[in-house]
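Engineer: The structure's right below; bear with me while I get my questions together.
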Amino acid sequence: MKEINITTKNNDYQKFEVLKTNRNKRYRYRQFLVEGVRSLNEAVNNGWHICSLIYDKSHLSDWAKDMIRKVKTETNYNLAPMLLKELSGKEDTSELMAVIEMRNDSLKDIQLSANPFIVLFDRPSNKGNLGTMIRSCDAMGADLLIITGHAVDLYEPDVVVAAMGSFFNLPVVRVEDNQKLYQYIEGLKSQYPGFTVAGTTAHKENPIYHTDLSGPVLLMMGNETMGLNKAFKEYCDILCTIPMSEHSYASSFNVSCAGAILMYEITRQREAAGT
């Protein structure tokens, strides 16, 4: 492993900055910047390719030293303290950051369970909501999260932070072509008898707790503002809703809150059914 010292905002440092702030450059390099103990631990534990570690080697904890020692990288970077502080942007500067390689978007490479539980998030537009959805999917045992349409960048630092380590534990695949998505779903319906595509809506449809979702299921969640697009709604086998108090002023839930409620109900039904 090679270690490079950086004391000025040279080309290497500028690359770190664009990985953090520039979506187009991230995809050109196919790399993204990550900080935080939980995220870095999960990235390593789940076999993500760590290209480089970034740190100030004069201020490292035992955890950071052990991480640098055990993680195989091509090149590491020792930054001057003020440069690391500026790159981190946190009030308490991260002692260790990493440049990590993106994974390919490939539905066929995802290993599903015997009773698949898949979540689709259509055109997410809020970084925090996407990160929270990833975290909820991980917590509720989903096999996979699919992101469709023009969406917030999956590899945005705020998304990774909001996912709280679950980002590296849950398969997330972006699908821009709806026809490829439909082909994938039809394949699942052939492979798993009773596979159900359940859409969600704020309008009064089938109450979620009256809908049998204990079998193989794909739960479609809509965009924060527009909801689930018309084509997806028409494709669904059933549309579900979360019943709300008839005295409530609120007409809908925040999408990440709704997702957590719906996923919990699916998990509850599966446990009750022993599936």
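So you can find residues: chains in the structure tokens are A, B, ... in the order shown, residues in each start at 1, and ligands are numbered from 1 in order.
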What are the nearest atom pairs, with distances in Å to one decimal, for all residues of range 110-146 of chain A that come at most 6 Å from range 205-222 of chain A, using only C-alpha atoms, set out by chain and rising residue number as JSON lines?
Structural biologist:
{"residue": "A:Asn115", "atom": "CA", "partner": "A:Pro216", "partner_atom": "CA", "distance": 5.0}
{"residue": "A:Pro116", "atom": "CA", "partner": "A:Pro216", "partner_atom": "CA", "distance": 4.8}
{"residue": "A:Phe117", "atom": "CA", "partner": "A:Val217", "partner_atom": "CA", "distance": 5.2}
{"residue": "A:Ile118", "atom": "CA", "partner": "A:Leu218", "partner_atom": "CA", "distance": 4.6}
{"residue": "A:Val119", "atom": "CA", "partner": "A:Leu219", "partner_atom": "CA", "distance": 4.7}
{"residue": "A:Leu120", "atom": "CA", "partner": "A:Met220", "partner_atom": "CA", "distance": 4.7}
{"residue": "A:Phe121", "atom": "CA", "partner": "A:Met221", "partner_atom": "CA", "distance": 4.8}
{"residue": "A:Asp122", "atom": "CA", "partner": "A:Gly222", "partner_atom": "CA", "distance": 5.0}
Engineer: With N, CA, C and O atoms retained, write the just-selected residues as a PDB file, in the first residue's frame.
Structural biologist:
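Saved to result.pdb:
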ATOM      1  N   ASN A 115     -38.912 -16.633   0.209  1.00  0.00           N
ATOM      2  CA  ASN A 115     -40.168 -15.883   0.206  1.00  0.00           C
ATOM      3  C   ASN A 115     -39.823 -14.402   0.015  1.00  0.00           C
ATOM      4  O   ASN A 115     -39.779 -13.633   0.976  1.00  0.00           O
ATOM      5  N   PRO A 116     -39.578 -13.973  -1.216  1.00  0.00           N
ATOM      6  CA  PRO A 116     -39.016 -12.649  -1.466  1.00  0.00           C
ATOM      7  C   PRO A 116     -39.871 -11.500  -0.944  1.00  0.00           C
ATOM      8  O   PRO A 116     -41.104 -11.527  -1.031  1.00  0.00           O
ATOM      9  N   PHE A 117     -39.193 -10.507  -0.427  1.00  0.00           N
ATOM     10  CA  PHE A 117     -39.805  -9.264   0.042  1.00  0.00           C
ATOM     11  C   PHE A 117     -38.975  -8.129  -0.556  1.00  0.00           C
ATOM     12  O   PHE A 117     -37.855  -7.876  -0.140  1.00  0.00           O
ATOM     13  N   ILE A 118     -39.550  -7.492  -1.584  1.00  0.00           N
ATOM     14  CA  ILE A 118     -38.844  -6.458  -2.337  1.00  0.00           C
ATOM     15  C   ILE A 118     -39.596  -5.138  -2.185  1.00  0.00           C
ATOM     16  O   ILE A 118     -40.835  -5.112  -2.165  1.00  0.00           O
ATOM     17  N   VAL A 119     -38.859  -4.051  -2.087  1.00  0.00           N
ATOM     18  CA  VAL A 119     -39.464  -2.717  -2.013  1.00  0.00           C
ATOM     19  C   VAL A 119     -38.983  -1.897  -3.209  1.00  0.00           C
ATOM     20  O   VAL A 119     -37.808  -1.954  -3.584  1.00  0.00           O
ATOM     21  N   LEU A 120     -39.895  -1.151  -3.806  1.00  0.00           N
ATOM     22  CA  LEU A 120     -39.563  -0.237  -4.895  1.00  0.00           C
ATOM     23  C   LEU A 120     -39.899   1.184  -4.451  1.00  0.00           C
ATOM     24  O   LEU A 120     -40.980   1.442  -3.918  1.00  0.00           O
ATOM     25  N   PHE A 121     -38.977   2.109  -4.660  1.00  0.00           N
ATOM     26  CA  PHE A 121     -39.175   3.529  -4.346  1.00  0.00           C
ATOM     27  C   PHE A 121     -39.114   4.278  -5.660  1.00  0.00           C
ATOM     28  O   PHE A 121     -38.074   4.357  -6.297  1.00  0.00           O
ATOM     29  N   ASP A 122     -40.258   4.833  -6.078  1.00  0.00           N
ATOM     30  CA  ASP A 122     -40.378   5.483  -7.372  1.00  0.00           C
ATOM     31  C   ASP A 122     -39.950   6.952  -7.298  1.00  0.00           C
ATOM     32  O   ASP A 122     -40.541   7.746  -6.558  1.00  0.00           O
TER      33      ASP A 122
END
Engineer: Among the residues of range 54-101 of chain A, find those DSSP assigns to alpha helix (DSSP H) from the backbone and print them as a PyMOL selection string.
Structural biologist: chain A and resi 62-70+81-88
Engineer: Residues near range 140-144 of chain A, anyone? I mean within 7 Å using only C-alpha atoms, not counting same-chain ones fewer than 2 positions away, as a count of residues only.
Structural biologist: 16
Engineer: Which residue, A:Ile238, A:Val18, A:Val255, A:Ala272, has the smallest gap to Asn129 in chain A when you use only C-alpha atoms?
Structural biologist: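 Ranking A:Ile238, A:Val18, A:Val255, A:Ala272 by distance to Asn129 in chain A, first place goes to A:Val255.
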Engineer: Using only C-alpha atoms, determine which residues lie at most 8 Å from range 147-156 of chain A, disregarding the query and same-chain residues fewer than 4 positions distant; provide the list as a PyMOL selection string.
Structural biologist: chain A and resi 20-21+23+32+120-127+130+160+172-178
Engineer: Just the number, please: distance in Å from CA of Ala250 in chain A to CA of Gln269 in chain A, one decimal.
Structural biologist: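 Taking CA of Ala250 in chain A and CA of Gln269 in chain A, their separation equals 26.6 Å.
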Engineer: For CA of Pro157 in chain A and CA of Phe232 in chain A, quote the distance in Å rounded to one decimal.
Structural biologist: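 According to the coordinates, CA of Pro157 in chain A and CA of Phe232 in chain A are separated by 29.0 Å.
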Engineer: Identify, on the basis of only C-alpha atoms, every residue whose closest approach to Ala163 in chain A does not exceed 9 Å; exclude the query and any residue fewer than 3 positions from it along the same chain; express the result as a ChimeraX atom specification.
Structural biologist: /A:39,128,130-136,158-160,166-168
Engineer: Deliver the residues from the most recent selection as a file, using all heavy atoms, as a short mmCIF file (atom, residue, chain, number, x, y, z; two decimals), in the first residue's frame.
Structural biologist:
data_model
loop_
_atom_site.label_atom_id
_atom_site.label_comp_id
_atom_site.auth_asym_id
_atom_site.auth_seq_id
_atom_site.Cartn_x
_atom_site.Cartn_y
_atom_site.Cartn_z
N SER A 39 -20.68 3.40 9.02
CA SER A 39 -20.69 3.18 7.57
C SER A 39 -19.43 2.46 7.11
O SER A 39 -19.48 1.53 6.31
CB SER A 39 -20.83 4.52 6.83
OG SER A 39 -22.12 5.04 6.99
N GLY A 128 -32.73 12.53 2.61
CA GLY A 128 -33.03 11.92 3.90
C GLY A 128 -34.05 10.81 3.80
O GLY A 128 -33.93 9.77 4.45
N LEU A 130 -34.64 8.87 1.18
CA LEU A 130 -34.04 7.69 0.56
C LEU A 130 -33.16 6.95 1.56
O LEU A 130 -33.24 5.72 1.67
CB LEU A 130 -33.22 8.10 -0.67
CG LEU A 130 -32.48 6.95 -1.38
CD1 LEU A 130 -33.42 5.81 -1.74
CD2 LEU A 130 -31.75 7.47 -2.61
N GLY A 131 -32.34 7.68 2.31
CA GLY A 131 -31.51 7.04 3.32
C GLY A 131 -32.33 6.32 4.37
O GLY A 131 -32.01 5.19 4.78
N THR A 132 -33.42 6.96 4.81
CA THR A 132 -34.30 6.36 5.81
C THR A 132 -35.00 5.13 5.25
O THR A 132 -35.19 4.13 5.96
CB THR A 132 -35.33 7.38 6.31
OG1 THR A 132 -34.65 8.50 6.87
CG2 THR A 132 -36.23 6.77 7.38
N MET A 133 -35.39 5.18 3.97
CA MET A 133 -36.04 4.02 3.36
C MET A 133 -35.07 2.84 3.31
O MET A 133 -35.47 1.69 3.56
CB MET A 133 -36.52 4.37 1.95
CG MET A 133 -37.41 3.32 1.31
SD MET A 133 -39.06 3.23 2.06
CE MET A 133 -39.81 4.71 1.34
N ILE A 134 -33.82 3.10 2.97
CA ILE A 134 -32.81 2.04 2.97
C ILE A 134 -32.69 1.42 4.35
O ILE A 134 -32.66 0.19 4.51
CB ILE A 134 -31.45 2.59 2.50
CG1 ILE A 134 -31.51 2.99 1.02
CG2 ILE A 134 -30.33 1.57 2.73
CD1 ILE A 134 -30.30 3.75 0.53
N ARG A 135 -32.62 2.27 5.36
CA ARG A 135 -32.50 1.80 6.74
C ARG A 135 -33.71 0.97 7.16
O ARG A 135 -33.57 -0.07 7.80
CB ARG A 135 -32.33 3.01 7.66
CG ARG A 135 -32.01 2.67 9.10
CD ARG A 135 -31.85 3.96 9.90
NE ARG A 135 -31.58 3.71 11.29
CZ ARG A 135 -31.54 4.65 12.23
NH1 ARG A 135 -31.76 5.91 11.89
NH2 ARG A 135 -31.30 4.35 13.50
N SER A 136 -34.92 1.42 6.79
CA SER A 136 -36.14 0.69 7.15
C SER A 136 -36.20 -0.66 6.43
O SER A 136 -36.61 -1.66 7.01
CB SER A 136 -37.38 1.53 6.81
OG SER A 136 -37.42 2.70 7.60
N ASP A 158 -25.25 12.53 1.99
CA ASP A 158 -26.37 12.63 2.94
C ASP A 158 -27.24 11.38 2.92
O ASP A 158 -27.85 11.03 3.93
CB ASP A 158 -27.23 13.86 2.62
CG ASP A 158 -26.53 15.16 2.98
OD1 ASP A 158 -25.53 15.12 3.73
OD2 ASP A 158 -26.97 16.22 2.50
N VAL A 159 -27.34 10.72 1.78
CA VAL A 159 -28.10 9.47 1.69
C VAL A 159 -27.39 8.38 2.50
O VAL A 159 -28.01 7.66 3.28
CB VAL A 159 -28.27 9.01 0.23
CG1 VAL A 159 -28.93 7.63 0.16
CG2 VAL A 159 -29.09 10.04 -0.55
N VAL A 160 -26.09 8.28 2.31
CA VAL A 160 -25.30 7.27 3.01
C VAL A 160 -25.38 7.49 4.52
O VAL A 160 -25.57 6.53 5.29
CB VAL A 160 -23.84 7.29 2.54
CG1 VAL A 160 -23.02 6.25 3.29
CG2 VAL A 160 -23.76 7.04 1.03
N SER A 166 -26.80 0.87 7.07
CA SER A 166 -27.61 -0.08 6.30
C SER A 166 -27.35 0.02 4.81
O SER A 166 -27.63 -0.92 4.05
CB SER A 166 -29.11 0.17 6.57
OG SER A 166 -29.44 -0.19 7.89
N PHE A 167 -26.83 1.16 4.37
CA PHE A 167 -26.50 1.37 2.95
C PHE A 167 -25.64 0.22 2.43
O PHE A 167 -25.82 -0.22 1.29
CB PHE A 167 -25.74 2.69 2.81
CG PHE A 167 -25.40 3.07 1.40
CD1 PHE A 167 -26.22 3.93 0.69
CD2 PHE A 167 -24.26 2.56 0.77
CE1 PHE A 167 -25.91 4.28 -0.63
CE2 PHE A 167 -23.95 2.91 -0.53
CZ PHE A 167 -24.78 3.77 -1.24
N PHE A 168 -24.71 -0.26 3.23
CA PHE A 168 -23.76 -1.27 2.77
C PHE A 168 -24.23 -2.70 3.04
O PHE A 168 -23.58 -3.65 2.65
CB PHE A 168 -22.40 -1.02 3.44
CG PHE A 168 -21.81 0.31 3.09
CD1 PHE A 168 -21.93 1.39 3.96
CD2 PHE A 168 -21.18 0.52 1.88
CE1 PHE A 168 -21.41 2.63 3.63
CE2 PHE A 168 -20.66 1.76 1.54
CZ PHE A 168 -20.78 2.82 2.42
#
Engineer: Ala64 in chain A: which residues within 12 Å, counting only C-alpha atoms, same-chain residues fewer than 5 positions away excluded, as a ChimeraX atom specification?
Structural biologist: /A:35-37,40-41,53-59,69-71,94-98
Engineer: Calculated over only C-alpha atoms, which of the candidates A:Asp105, A:Val34, A:Ile4, A:Ile50 has the smallest distance to Leu79 in chain A?
Structural biologist: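 Closest candidate: A:Ile4.
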Engineer: From the list A:Gly47, A:Met244, A:Gln183, A:Leu60, which residue is nearest Lys204 in chain A when using only C-alpha atoms?
Structural biologist: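 Nearest candidate to Lys204 in chain A out of A:Gly47, A:Met244, A:Gln183, A:Leu60: A:Met244.
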